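Have a look at the structure below before the remarks.
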Amino acid sequence: MMDSRVYFSLLVLFSALFITTHCLSQPEQHAALFIFGDSTYDAGNNNYIKTTDYYRANYVPYGETFFHRSTGRFSDGRLASDFIAEFAKLPYITPYLQPGYNQFTDGANFASAGAGALAETNKQGNLIDLKSQLSYFTKFERQSIQKLGDAGAKALLSKAVYLIGIGSNDYAAAVSANSSLGPEEYVNIVNGNLTFVIREIYKKGGRKFGIPNLEPMGCLPSAKAVNPSNTSACFQALNDLTQLHNKALSEVLQKLANELDGFKYSLADAYTALSDKINNPLKYGFKEANIACCGSGPFRGTNSCGGKRLSNKYELCENVSEYVFFDGGHTTEKANEHFANLMWSGTPDITGPYNLKALFEL
């Protein structure tokens, strides 16, 4: 007869093996976060592709407020997507191209600075456009099946939240190149590519999408610096195009919700949120909303922060917490945190029909 102590030891061993095997084959009971987009959300993917320093932020003074080193994020610290990960009790989502990536049950970041919804946007930079980001997500799907099994991968992808921020570079390129396409036609092409990617993610099991609209691009320091009217006003042609996009985006998402069973989305109004910070900086604890903290030229809007882009000379503010913009095209960590809070728990007038908190809890 087996000794009771031996029996108990074997029982504990087999139980431990079962629990370990089960945990490895199933995703944890939290919703993962998958991130697609441009420099607004790129946490460092461009560090690992063959591009130029123009499309990278892996040098000082980027990252020094929070990380105390440059990580590839286009800000002095955390991005809005980093705060969303914190709110969801997730670790910061790793760039998918980072060597040794293995963050399968938490999600992945596919965003690439300079990227557009259109493959031809900033094509000379060899960036990861939105459809190429989708290709990496497809690769992730195959890897997750290998790691978690079919059922585990399916559960992971269906419960996840998909954050997509794209389009700014497409419209900046259209204005600077004086595109021959009419504004509405161009907007339809951009949103068409975005819609295609959303539908493909939906086919793979994705149901919950966070898609902020575009900020007032004509009011960025970089846009003001090249405003052909040579005034301190916003670049109105760029704002007009952005507003046209935002109206079409809202209609596209509503159409998808009507067509796709189980499709849920959160549309955060980045345009209104940033406009209010620019027009009423003191209301949000800022002192400067027109001039960037880092850069050169008018409004410090010339893209020279860090000295590795358009010029090796740049100015840097003394107190970044007083500024809405860190460089000519990107907001500071403090501004990012404010917008992340609106995305996470904003009311329907600014974030709807769901906020991200509700999507994570669904």
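Identifiers in this document derive from the order of the structure tokens: chains are assigned A, B, ..., residues are numbered from 1 separately in each chain, and ligands are numbered from 1 in order of occurrence.
Every protein or nucleic acid residue with an atom no more than 12 Å from A:Ser135, counting only C-alpha atoms and leaving out same-chain residues fewer than 4 positions away, appears here: A:Phe36, A:Tyr96, A:Phe110, A:Ile128, A:Asp129, A:Leu130, A:Lys131, A:Lys139, A:Phe140, A:Glu141, A:Arg142, A:Val197, A:Glu200, A:Ile201.
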query: Counting only C-alpha atoms, what is within 12 Å of A:Ser176, bar same-chain residues fewer than 6 positions away, as an NGL selection string?
result: :A and (121-122 or 169-170 or 223 or 226-228 or 235 or 237-238)
- prompt: Running DSSP on the backbone, which parts of stretch 117-269 of chain A land in alpha helix (DSSP H), as a ChimeraX atom specification?
  reply: /A:130-159,168-176,183-203,221-225,236-259
message: Which of stretch 202-297 of chain A end up as strand (DSSP E or B) when DSSP is run on this backbone - answer as a ChimeraX atom specification?
response: /A:208-210,264-268,288,294-296
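Each of A:Trp344, A:Phe87, A:Phe339, A:Tyr92 was compared to A:Ala270 using only C-alpha atoms, and A:Phe339 turns out to be the nearest.
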message: Which residues are close to A:Asn355, i.e. within 10 Å by only C-alpha atoms, leaving aside same-chain residues fewer than 2 positions away? Reply as a VMD selection string.
response: chain A and resid 210 265 to 268 341 to 348 350 to 353 357 to 360
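You can rank A:Ala115, A:Leu156, A:Ala173, A:Leu194 by their closest distance to A:Leu253 using only C-alpha atoms, and at the top of that list sits A:Leu194.
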